[in-house]
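For reference, coords.pdb (PDB, C-alpha atoms):
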```pdb
ATOM      1  CA  GLY A 984       2.128 -18.043  14.503
ATOM      2  CA  GLN A 985      -0.072 -17.478  11.506
ATOM      3  CA  ASN A 986       0.920 -15.779   8.262
ATOM      4  CA  ILE A 987      -1.538 -14.916   5.508
ATOM      5  CA  ASP A 988      -0.553 -13.158   2.284
ATOM      6  CA  GLN A 989      -2.726 -11.610  -0.379
ATOM      7  CA  PRO A 990      -2.079  -8.828  -2.915
ATOM      8  CA  THR A 991      -2.666  -5.308  -1.650
ATOM      9  CA  GLU A 992      -4.488  -3.961  -4.679
ATOM     10  CA  MET A 993      -5.921  -5.167  -7.992
ATOM     11  CA  THR A 994      -7.721  -3.478 -10.859
ATOM     12  CA  ALA A 995     -10.044  -5.189 -13.335
ATOM     13  CA  THR A 996     -12.508  -4.209 -16.031
ATOM     14  CA  GLU A 997     -16.277  -4.407 -15.762
ATOM     15  CA  GLY A 998     -17.537  -7.696 -17.233
ATOM     16  CA  ALA A 999     -14.175  -9.420 -16.865
ATOM     17  CA  ILE A1000     -12.994 -12.213 -14.524
ATOM     18  CA  VAL A1001     -10.557 -11.600 -11.670
ATOM     19  CA  GLN A1002      -8.750 -14.046  -9.381
ATOM     20  CA  ILE A1003      -7.581 -12.946  -5.920
ATOM     21  CA  ASN A1004      -4.970 -15.245  -4.407
ATOM     22  CA  CYS A1005      -4.302 -16.016  -0.762
ATOM     23  CA  THR A1006      -1.441 -18.062   0.668
ATOM     24  CA  TYR A1007      -1.169 -19.068   4.297
ATOM     25  CA  GLN A1008       1.108 -20.776   6.792
ATOM     26  CA  THR A1009      -0.772 -21.839   9.903
ATOM     27  CA  SER A1010      -0.962 -24.548  12.503
ATOM     28  CA  GLY A1011      -4.289 -26.116  13.400
ATOM     29  CA  PHE A1012      -5.998 -25.225  10.107
ATOM     30  CA  ASN A1013      -9.771 -25.592  10.358
ATOM     31  CA  GLY A1014     -11.183 -23.808   7.321
ATOM     32  CA  LEU A1015     -10.772 -20.708   5.167
ATOM     33  CA  PHE A1016     -13.247 -17.864   4.733
ATOM     34  CA  TRP A1017     -13.522 -15.044   2.226
ATOM     35  CA  TYR A1018     -15.212 -11.792   3.200
ATOM     36  CA  GLN A1019     -16.146  -8.709   1.189
ATOM     37  CA  GLN A1020     -15.852  -5.276   2.757
ATOM     38  CA  HIS A1021     -17.065  -2.085   1.099
ATOM     39  CA  ALA A1022     -15.445   1.121   2.292
ATOM     40  CA  GLY A1023     -16.857   2.226   5.642
ATOM     41  CA  GLU A1024     -18.930  -0.918   6.059
ATOM     42  CA  ALA A1025     -18.721  -4.204   7.962
ATOM     43  CA  PRO A1026     -17.167  -7.288   6.360
ATOM     44  CA  THR A1027     -19.772  -9.657   4.930
ATOM     45  CA  PHE A1028     -19.320 -13.390   4.422
ATOM     46  CA  LEU A1029     -18.745 -14.649   0.874
ATOM     47  CA  SER A1030     -17.497 -18.231   0.999
ATOM     48  CA  TYR A1031     -16.075 -21.049   3.095
ATOM     49  CA  ASN A1032     -13.706 -23.911   2.199
ATOM     50  CA  VAL A1033     -12.490 -26.661   4.491
ATOM     51  CA  LEU A1034     -11.844 -29.433   1.951
ATOM     52  CA  ASP A1035      -9.725 -29.202  -1.193
ATOM     53  CA  GLY A1036     -11.539 -28.098  -4.299
ATOM     54  CA  LEU A1037     -13.815 -25.474  -5.720
ATOM     55  CA  GLU A1038     -16.942 -24.037  -4.117
ATOM     56  CA  GLU A1039     -19.203 -22.107  -6.467
ATOM     57  CA  LYS A1040     -21.814 -19.579  -5.435
ATOM     58  CA  GLY A1041     -23.254 -17.578  -8.287
ATOM     59  CA  ARG A1042     -20.662 -15.213  -9.763
ATOM     60  CA  PHE A1043     -18.219 -16.020  -6.951
ATOM     61  CA  SER A1044     -16.143 -19.191  -6.559
ATOM     62  CA  SER A1045     -13.479 -20.091  -4.038
ATOM     63  CA  PHE A1046     -10.773 -22.736  -4.298
ATOM     64  CA  LEU A1047      -8.643 -24.383  -1.622
ATOM     65  CA  SER A1048      -5.506 -26.525  -1.681
ATOM     66  CA  ARG A1049      -4.558 -27.455   1.871
ATOM     67  CA  SER A1050      -1.302 -29.149   0.864
ATOM     68  CA  LYS A1051      -0.129 -25.947  -0.838
ATOM     69  CA  GLY A1052      -1.563 -23.546   1.732
ATOM     70  CA  TYR A1053      -3.326 -21.734  -1.097
ATOM     71  CA  SER A1054      -6.745 -20.375  -1.875
ATOM     72  CA  TYR A1055      -8.222 -18.077  -4.462
ATOM     73  CA  LEU A1056     -11.452 -16.162  -4.899
ATOM     74  CA  LEU A1057     -12.745 -15.945  -8.455
ATOM     75  CA  LEU A1058     -15.163 -13.211  -9.415
ATOM     76  CA  LYS A1059     -16.885 -13.512 -12.791
ATOM     77  CA  GLU A1060     -18.826 -10.952 -14.830
ATOM     78  CA  LEU A1061     -17.449  -8.145 -12.742
ATOM     79  CA  GLN A1062     -19.786  -5.317 -11.813
ATOM     80  CA  MET A1063     -18.946  -1.863 -10.545
ATOM     81  CA  LYS A1064     -20.475  -2.770  -7.173
ATOM     82  CA  ASP A1065     -17.777  -5.447  -6.771
ATOM     83  CA  SER A1066     -15.282  -2.673  -6.034
ATOM     84  CA  ALA A1067     -14.394  -3.480  -2.425
ATOM     85  CA  SER A1068     -11.746  -5.059  -0.242
ATOM     86  CA  TYR A1069     -11.653  -8.853  -0.147
ATOM     87  CA  LEU A1070     -10.402 -10.455   3.051
ATOM     88  CA  CYS A1071      -8.970 -13.953   3.313
ATOM     89  CA  ALA A1072      -9.277 -15.448   6.808
ATOM     90  CA  VAL A1073      -8.018 -18.755   8.177
ATOM     91  CA  ARG A1074      -9.752 -20.453  11.092
ATOM     92  CA  VAL A1075      -7.542 -22.209  13.616
ATOM     93  CA  HIS A1076      -8.236 -23.986  16.878
ATOM     94  CA  SER A1077      -7.587 -21.852  19.930
ATOM     95  CA  GLY A1078      -6.321 -23.198  23.232
ATOM     96  CA  ALA A1079      -9.746 -22.628  24.747
ATOM     97  CA  GLY A1080     -11.460 -25.402  22.811
ATOM     98  CA  SER A1081     -12.974 -22.864  20.463
ATOM     99  CA  TYR A1082     -11.530 -21.301  17.331
ATOM    100  CA  GLN A1083     -10.486 -17.937  16.021
ATOM    101  CA  LEU A1084      -9.972 -16.312  12.632
ATOM    102  CA  THR A1085      -6.721 -14.786  11.463
ATOM    103  CA  PHE A1086      -7.221 -12.306   8.636
ATOM    104  CA  GLY A1087      -4.980 -11.317   5.772
ATOM    105  CA  LYS A1088      -4.518  -7.590   5.204
ATOM    106  CA  GLY A1089      -7.089  -7.584   2.430
ATOM    107  CA  THR A1090      -7.030  -6.974  -1.318
ATOM    108  CA  LYS A1091      -8.581  -3.752  -2.546
ATOM    109  CA  LEU A1092     -10.259  -4.439  -5.886
ATOM    110  CA  SER A1093     -11.132  -1.564  -8.190
ATOM    111  CA  VAL A1094     -13.497  -2.294 -11.072
ATOM    112  CA  ILE A1095     -13.212   0.176 -13.939
ATOM    113  CA  PRO A1096     -15.604   0.718 -16.853
TER     114      PRO A1096
ATOM    115  CA  ASP B 142     -30.795 -12.361   9.758
ATOM    116  CA  VAL B 143     -28.079 -12.100  12.375
ATOM    117  CA  LYS B 144     -27.845  -8.685  13.898
ATOM    118  CA  VAL B 145     -24.723  -7.464  15.638
ATOM    119  CA  THR B 146     -25.165  -3.966  17.015
ATOM    120  CA  GLN B 147     -22.386  -1.703  18.205
ATOM    121  CA  SER B 148     -23.429   1.137  20.451
ATOM    122  CA  SER B 149     -21.719   3.981  18.550
ATOM    123  CA  ARG B 150     -20.584   4.537  14.943
ATOM    124  CA  TYR B 151     -18.281   7.399  15.910
ATOM    125  CA  LEU B 152     -16.687   8.219  19.244
ATOM    126  CA  VAL B 153     -14.194  10.875  20.301
ATOM    127  CA  LYS B 154     -12.402  10.584  23.644
ATOM    128  CA  ARG B 155      -9.401  12.135  25.358
ATOM    129  CA  THR B 156      -6.100  10.569  26.319
ATOM    130  CA  GLY B 157      -6.288   8.872  29.702
ATOM    131  CA  GLU B 158     -10.050   8.379  29.687
ATOM    132  CA  LYS B 159     -11.620   4.990  30.356
ATOM    133  CA  VAL B 160     -13.600   4.042  27.248
ATOM    134  CA  PHE B 161     -16.342   1.449  26.904
ATOM    135  CA  LEU B 162     -17.392  -0.016  23.550
ATOM    136  CA  GLU B 163     -20.543  -2.106  23.655
ATOM    137  CA  CYS B 164     -21.687  -4.889  21.343
ATOM    138  CA  VAL B 165     -24.966  -6.823  21.365
ATOM    139  CA  GLN B 166     -25.988  -9.784  19.190
ATOM    140  CA  ASP B 167     -29.464 -11.238  18.835
ATOM    141  CA  MET B 168     -28.745 -14.777  17.577
ATOM    142  CA  ASP B 169     -27.811 -16.545  20.809
ATOM    143  CA  HIS B 170     -24.249 -17.040  19.562
ATOM    144  CA  GLU B 171     -21.728 -18.514  21.977
ATOM    145  CA  ASN B 172     -18.671 -16.802  20.480
ATOM    146  CA  MET B 173     -18.051 -13.078  20.409
ATOM    147  CA  PHE B 174     -14.969 -11.214  19.178
ATOM    148  CA  TRP B 175     -13.424  -7.765  19.216
ATOM    149  CA  TYR B 176     -11.118  -6.651  16.388
ATOM    150  CA  ARG B 177      -9.435  -3.443  15.405
ATOM    151  CA  GLN B 178      -8.850  -2.529  11.762
ATOM    152  CA  ASP B 179      -6.083  -0.202  10.657
ATOM    153  CA  PRO B 180      -4.922   0.740   7.141
ATOM    154  CA  GLY B 181      -2.150  -1.561   5.967
ATOM    155  CA  LEU B 182      -2.550  -3.853   8.978
ATOM    156  CA  GLY B 183      -5.926  -5.442   8.340
ATOM    157  CA  LEU B 184      -8.201  -6.911  10.996
ATOM    158  CA  ARG B 185      -6.445  -7.907  14.201
ATOM    159  CA  LEU B 186      -8.054  -9.840  17.040
ATOM    160  CA  ILE B 187      -7.982  -8.138  20.435
ATOM    161  CA  TYR B 188     -10.044 -10.490  22.625
ATOM    162  CA  PHE B 189     -12.687 -13.121  22.208
ATOM    163  CA  SER B 190     -15.160 -14.957  24.412
ATOM    164  CA  TYR B 191     -16.693 -18.387  23.914
ATOM    165  CA  ASP B 192     -19.084 -18.261  26.860
ATOM    166  CA  VAL B 193     -20.452 -15.974  29.554
ATOM    167  CA  LYS B 194     -17.681 -14.742  31.880
ATOM    168  CA  MET B 195     -15.054 -16.466  29.703
ATOM    169  CA  LYS B 196     -12.431 -14.517  27.771
ATOM    170  CA  GLU B 197      -9.313 -15.269  25.780
ATOM    171  CA  LYS B 198      -6.572 -12.947  24.591
ATOM    172  CA  GLY B 199      -6.191 -12.443  20.882
ATOM    173  CA  ASP B 200      -3.139 -11.140  19.070
ATOM    174  CA  ILE B 201      -3.059  -7.592  20.479
ATOM    175  CA  PRO B 202      -4.686  -7.503  23.957
ATOM    176  CA  GLU B 203      -2.344  -4.944  25.545
ATOM    177  CA  GLY B 204      -4.179  -1.870  26.791
ATOM    178  CA  TYR B 205      -7.591  -3.517  26.540
ATOM    179  CA  SER B 206      -9.884  -5.599  28.694
ATOM    180  CA  VAL B 207     -13.288  -7.167  28.059
ATOM    181  CA  SER B 208     -16.414  -8.118  29.927
ATOM    182  CA  ARG B 209     -19.084 -10.679  29.142
ATOM    183  CA  GLU B 210     -21.703 -10.805  31.863
ATOM    184  CA  LYS B 211     -24.553 -11.831  29.547
ATOM    185  CA  LYS B 212     -24.481 -14.091  26.515
ATOM    186  CA  GLU B 213     -25.701 -11.420  24.111
ATOM    187  CA  ARG B 214     -23.377  -8.612  25.226
ATOM    188  CA  PHE B 215     -19.612  -8.226  24.902
ATOM    189  CA  SER B 216     -17.880  -5.058  26.048
ATOM    190  CA  LEU B 217     -14.421  -3.791  25.132
ATOM    191  CA  ILE B 218     -12.733  -1.511  27.661
ATOM    192  CA  LEU B 219      -9.816   0.799  27.062
ATOM    193  CA  GLU B 220      -8.489   1.229  30.588
ATOM    194  CA  SER B 221      -6.582   4.464  29.861
ATOM    195  CA  ALA B 222      -7.031   5.551  26.266
ATOM    196  CA  SER B 223      -3.968   6.496  24.247
ATOM    197  CA  THR B 224      -3.633   8.060  20.805
ATOM    198  CA  ASN B 225      -2.330   4.808  19.313
ATOM    199  CA  GLN B 226      -5.711   3.269  20.070
ATOM    200  CA  THR B 227      -7.370   5.509  17.498
ATOM    201  CA  SER B 228      -8.856   2.955  15.118
ATOM    202  CA  MET B 229     -11.947   1.260  13.703
ATOM    203  CA  TYR B 230     -13.239  -1.340  16.178
ATOM    204  CA  LEU B 231     -15.338  -4.219  14.924
ATOM    205  CA  CYS B 232     -17.360  -6.677  16.969
ATOM    206  CA  ALA B 233     -18.355 -10.097  15.620
ATOM    207  CA  SER B 234     -20.263 -13.160  16.782
ATOM    208  CA  SER B 235     -20.598 -16.781  15.682
ATOM    209  CA  VAL B 236     -21.860 -20.175  16.749
ATOM    210  CA  ARG B 237     -19.336 -22.191  18.704
ATOM    211  CA  GLY B 238     -18.986 -25.412  16.669
ATOM    212  CA  SER B 239     -15.377 -25.954  15.642
ATOM    213  CA  TYR B 240     -16.329 -27.675  12.402
ATOM    214  CA  SER B 241     -19.148 -25.388  11.529
ATOM    215  CA  ASN B 242     -19.248 -23.582   8.225
ATOM    216  CA  GLN B 243     -21.091 -20.755   9.905
ATOM    217  CA  PRO B 244     -19.120 -17.522   9.573
ATOM    218  CA  GLN B 245     -18.511 -14.719  11.986
ATOM    219  CA  HIS B 246     -21.064 -11.921  11.609
ATOM    220  CA  PHE B 247     -19.821  -8.379  12.058
ATOM    221  CA  GLY B 248     -21.281  -5.200  13.430
ATOM    222  CA  ASP B 249     -20.974  -1.907  11.527
ATOM    223  CA  GLY B 250     -17.953  -0.819  13.542
ATOM    224  CA  THR B 251     -17.081   2.054  15.866
ATOM    225  CA  ARG B 252     -14.604   4.614  14.602
ATOM    226  CA  LEU B 253     -12.823   5.738  17.758
ATOM    227  CA  SER B 254     -10.623   8.828  17.871
ATOM    228  CA  ILE B 255      -8.425   9.505  20.886
ATOM    229  CA  LEU B 256      -7.285  13.134  21.138
TER     230      LEU B 256
END
```

Can I see the file as structure tokens?
Amino acid sequence: GQNIDQPTEMTATEGAIVQINCTYQTSGFNGLFWYQQHAGEAPTFLSYNVLDGLEEKGRFSSFLSRSKGYSYLLLKELQMKDSASYLCAVRVHSGAGSYQLTFGKGTKLSVIP
Amino acid sequence: DVKVTQSSRYLVKRTGEKVFLECVQDMDHENMFWYRQDPGLGLRLIYFSYDVKMKEKGDIPEGYSVSREKKERFSLILESASTNQTSMYLCASSVRGSYSNQPQHFGDGTRLSIL
């Protein structure tokens, strides 16, 4: 089976930097995704890692270590609109020759003035 | 932009009813997925399909079935709705490639209440 852990809630100050961690134990690892989900809305794609290292995309960066089963999402220069849930999802091969995502329970980030 | 459209944002049904949730995508994606999202439990995969008329069980398929007669449309069916199926249901689609960096794209969700 798959197991993905991330903190339930975090609070950070506007303008600051926050790091959201995700650890996973899976078989058939084939990439890790981060999604952002505002309350009452659909999840939207933020980043993708399949090789070890850091991927940077504007204010957001994501890091992966496959040997440690560990990823983090780094948000810089926090803005109030960054208040949302952040979902870590691991892609694994399915038996059907395709793949599926297994999601963590999400980290609710609150940005305060 | 990819567009995944779910037929209803809010739906109220009664226990024992047969319920249909519809999802349509406009990007010719091979893969389509149905999830439910509950507080404290996160997103859980119910069923997915990687081609027309093909379906695979996810993590929590009990009480549900699916239908994919056309590539763009994926339906979730609650055969006999029960109160524990009250939830937010999310549909998603993606290209098929196993090594693709293309993500799943989600619809806005259907909040289903079973009374």

Contacts of Asn986 (chain A) within 9 Å, all atoms listed in the file, excl. fewer than 4 positions in-chain, as a PDB file with C-alpha atoms, in the frame of the given file:
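Final file, out-v8.pdb:
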```pdb
ATOM      1  CA  THR A1006      -1.441 -18.062   0.668  1.00  0.00           C
ATOM      2  CA  TYR A1007      -1.169 -19.068   4.297  1.00  0.00           C
ATOM      3  CA  GLN A1008       1.108 -20.776   6.792  1.00  0.00           C
ATOM      4  CA  THR A1009      -0.772 -21.839   9.903  1.00  0.00           C
ATOM      5  CA  THR A1085      -6.721 -14.786  11.463  1.00  0.00           C
ATOM      6  CA  PHE A1086      -7.221 -12.306   8.636  1.00  0.00           C
ATOM      7  CA  GLY A1087      -4.980 -11.317   5.772  1.00  0.00           C
TER       8      GLY A1087
END
```

Point to revise | Of the listed residues A:Leu1015, A:Ala1025, A:Leu1037, A:Leu1047, that which approaches Val1075 (chain A) most closely, counting only C-alpha atoms | key: A:Leu1015

Could you list, with a cut-off of 9 Å and counting only C-alpha atoms, the residues of chain B near chain A, each shown with its nearest atom pair and the distance in Å rounded to one decimal, rows sorted by chain and ascending number, as CSV?
```
residue,atom,partner,partner_atom,distance
B:Asn172,CA,A:Ser1081,CA,8.3
B:Phe174,CA,A:Gln1083,CA,8.7
B:Pro180,CA,A:Lys1088,CA,8.6
B:Gly181,CA,A:Lys1088,CA,6.5
B:Leu182,CA,A:Lys1088,CA,5.7
B:Gly183,CA,A:Lys1088,CA,4.1
B:Leu184,CA,A:Phe1086,CA,6.0
B:Arg185,CA,A:Phe1086,CA,7.1
B:Leu186,CA,A:Thr1085,CA,7.6
B:Phe189,CA,A:Gln1083,CA,8.1
B:Tyr191,CA,A:Ser1081,CA,6.8
B:Glu197,CA,A:Ala1079,CA,7.4
B:Gly199,CA,A:Gln1083,CA,8.5
B:Leu231,CA,A:Ala1025,CA,7.7
B:Arg237,CA,A:Ser1081,CA,6.6
B:Gly238,CA,A:Ser1081,CA,7.6
B:Ser239,CA,A:Ser1081,CA,6.2
B:Tyr240,CA,A:Asn1013,CA,7.2
B:Asn242,CA,A:Tyr1031,CA,6.5
B:Gln243,CA,A:Tyr1031,CA,8.5
B:Pro244,CA,A:Phe1028,CA,6.6
B:Gln245,CA,A:Phe1028,CA,7.7
B:His246,CA,A:Thr1027,CA,7.2
B:Phe247,CA,A:Ala1025,CA,6.0
B:Gly248,CA,A:Ala1025,CA,6.1
B:Asp249,CA,A:Ala1025,CA,4.8
B:Gly250,CA,A:Ala1025,CA,6.6
```

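Selection result for the displayed file, with the PyMOL selection byres ((chain B and resi 211) around 10) as criterion, is Val165, Asp192, Val193, Lys194, Ser208, Arg209, Glu210, Lys212, Glu213, Arg214 and Phe215 of chain B.
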
Practice item. For CA of Val236 (chain B) and CA of Gln1020 (chain A), determine how far apart the two atoms are, in Å to one decimal place. Key: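 Pair CA of Val236 (chain B) / CA of Gln1020 (chain A) returns 21.3 Å.
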
Point to revise | Residue contacts of Leu1057 (chain A) (7 Å, all atoms listed in the file) excluding same-chain residues fewer than 6 positions away, as a PyMOL selection string | key: chain A and resi 1001-1003+1043-1045

Practice item. With the file shown as input, list the residues that the PyMOL selection byres ((chain B and resi 167) around 7) selects, as a VMD selection string. Key: chain B and resid 143 to 145 165 to 166 168 to 169 213

Could you save the residues just selected, with C-alpha atoms, as an mmCIF file, in the frame of the given file?
```cif
data_model
loop_
_atom_site.group_PDB
_atom_site.id
_atom_site.type_symbol
_atom_site.label_atom_id
_atom_site.label_comp_id
_atom_site.auth_asym_id
_atom_site.auth_seq_id
_atom_site.Cartn_x
_atom_site.Cartn_y
_atom_site.Cartn_z
ATOM 1 C CA VAL B 143 -28.079 -12.100 12.375
ATOM 2 C CA LYS B 144 -27.845 -8.685 13.898
ATOM 3 C CA VAL B 145 -24.723 -7.464 15.638
ATOM 4 C CA VAL B 165 -24.966 -6.823 21.365
ATOM 5 C CA GLN B 166 -25.988 -9.784 19.190
ATOM 6 C CA MET B 168 -28.745 -14.777 17.577
ATOM 7 C CA ASP B 169 -27.811 -16.545 20.809
ATOM 8 C CA GLU B 213 -25.701 -11.420 24.111
#
```

Practice item. List every protein, DNA or RNA residue with an atom no more than 6 Å from (-9.8, 1.4, 11.7) in the file's coordinates, counting all atoms listed in the file, and format the result as a list in words. Key: Gln178, Asp179, Ser228 and Met229 of chain B

Review point. Using the chain letters and numbers from the file, which residues does the PyMOL selection byres ((chain B and resi 201-205) around 10) grab, as a list of chain:residue names?
Key: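 In the shown coordinates, the PyMOL selection byres ((chain B and resi 201-205) around 10) covers B:Val160, B:Trp175, B:Tyr176, B:Arg177, B:Arg185, B:Leu186, B:Ile187, B:Tyr188, B:Phe189, B:Glu197, B:Lys198, B:Gly199, B:Asp200, B:Ser206, B:Val207, B:Leu217, B:Ile218, B:Leu219, B:Glu220, B:Ser221, B:Ala222, B:Ser223, B:Gln226.
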
Point to revise | Separation of CA of Leu152 (chain B) from CA of Leu253 (chain B), in Å and rounded to one decimal | key: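 Value for the CA of Leu152 (chain B)-CA of Leu253 (chain B) distance: 4.8 Å.
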
Exercise for review: Enter the distance from CA of Ser1010 (chain A) to CA of Leu1056 (chain A), in Å, rounded to one decimal.
Suggested key: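 Atom-to-atom, CA of Ser1010 (chain A) to CA of Leu1056 (chain A), that is 22.0 Å.
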
Review point. So, counting all atoms listed in the file, which residue among A:Gly998, A:Gly1036, A:Gly1041, A:Gly1011 is closest to Gln1062 (chain A)?
Key: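 Nearest candidate to Gln1062 (chain A) out of A:Gly998, A:Gly1036, A:Gly1041, A:Gly1011: A:Gly998.
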
My structure is short of atoms at region 195-203 of chain B; please model all heavy atoms there, returning them as a short mmCIF file (atom, residue, chain, number, x, y, z; two decimals), in the frame of the given file.
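The new file selection36.cif reads:
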```
data_model
loop_
_atom_site.label_atom_id
_atom_site.label_comp_id
_atom_site.auth_asym_id
_atom_site.auth_seq_id
_atom_site.Cartn_x
_atom_site.Cartn_y
_atom_site.Cartn_z
N MET B 195 -16.30 -15.91 30.22
CA MET B 195 -15.05 -16.47 29.70
C MET B 195 -14.44 -15.49 28.71
O MET B 195 -15.15 -14.86 27.93
CB MET B 195 -15.30 -17.82 29.02
CG MET B 195 -16.01 -18.83 29.90
SD MET B 195 -15.14 -19.16 31.44
CE MET B 195 -13.70 -20.03 30.84
N LYS B 196 -13.12 -15.39 28.72
CA LYS B 196 -12.43 -14.52 27.77
C LYS B 196 -11.08 -15.10 27.45
O LYS B 196 -10.46 -15.78 28.28
CB LYS B 196 -12.28 -13.10 28.34
CG LYS B 196 -11.47 -13.04 29.62
CD LYS B 196 -11.44 -11.62 30.17
CE LYS B 196 -10.63 -11.58 31.47
NZ LYS B 196 -10.64 -10.21 32.08
N GLU B 197 -10.63 -14.82 26.22
CA GLU B 197 -9.31 -15.27 25.78
C GLU B 197 -8.62 -14.12 25.06
O GLU B 197 -9.26 -13.38 24.30
CB GLU B 197 -9.44 -16.46 24.83
CG GLU B 197 -9.92 -17.74 25.47
CD GLU B 197 -8.91 -18.32 26.43
OE1 GLU B 197 -7.71 -18.14 26.19
OE2 GLU B 197 -9.33 -18.96 27.42
N LYS B 198 -7.33 -13.98 25.29
CA LYS B 198 -6.57 -12.95 24.59
C LYS B 198 -6.41 -13.31 23.13
O LYS B 198 -6.18 -14.47 22.78
CB LYS B 198 -5.20 -12.78 25.24
CG LYS B 198 -5.24 -12.22 26.64
CD LYS B 198 -3.85 -12.09 27.23
CE LYS B 198 -3.91 -11.51 28.64
NZ LYS B 198 -2.55 -11.40 29.24
N GLY B 199 -6.50 -12.28 22.29
CA GLY B 199 -6.19 -12.44 20.88
C GLY B 199 -4.74 -12.08 20.62
O GLY B 199 -3.86 -12.31 21.44
N ASP B 200 -4.51 -11.46 19.48
CA ASP B 200 -3.14 -11.14 19.07
C ASP B 200 -2.61 -9.84 19.66
O ASP B 200 -1.41 -9.67 19.81
CB ASP B 200 -3.07 -11.07 17.54
CG ASP B 200 -3.45 -12.39 16.89
OD1 ASP B 200 -3.02 -13.45 17.41
OD2 ASP B 200 -4.18 -12.38 15.88
N ILE B 201 -3.51 -8.91 19.99
CA ILE B 201 -3.06 -7.59 20.48
C ILE B 201 -3.89 -7.15 21.68
O ILE B 201 -4.57 -6.13 21.66
CB ILE B 201 -3.13 -6.52 19.36
CG1 ILE B 201 -4.51 -6.53 18.68
CG2 ILE B 201 -2.03 -6.74 18.32
CD1 ILE B 201 -4.76 -5.30 17.84
N PRO B 202 -3.83 -7.84 22.82
CA PRO B 202 -4.69 -7.50 23.96
C PRO B 202 -4.19 -6.35 24.83
O PRO B 202 -4.94 -5.83 25.66
CB PRO B 202 -4.68 -8.81 24.76
CG PRO B 202 -3.33 -9.38 24.49
CD PRO B 202 -3.02 -9.03 23.04
N GLU B 203 -2.94 -5.93 24.63
CA GLU B 203 -2.34 -4.94 25.54
C GLU B 203 -3.12 -3.63 25.51
O GLU B 203 -3.38 -3.08 24.44
CB GLU B 203 -0.87 -4.70 25.17
CG GLU B 203 0.03 -5.91 25.31
CD GLU B 203 -0.10 -6.89 24.16
OE1 GLU B 203 -0.64 -6.49 23.10
OE2 GLU B 203 0.32 -8.05 24.32
#
```
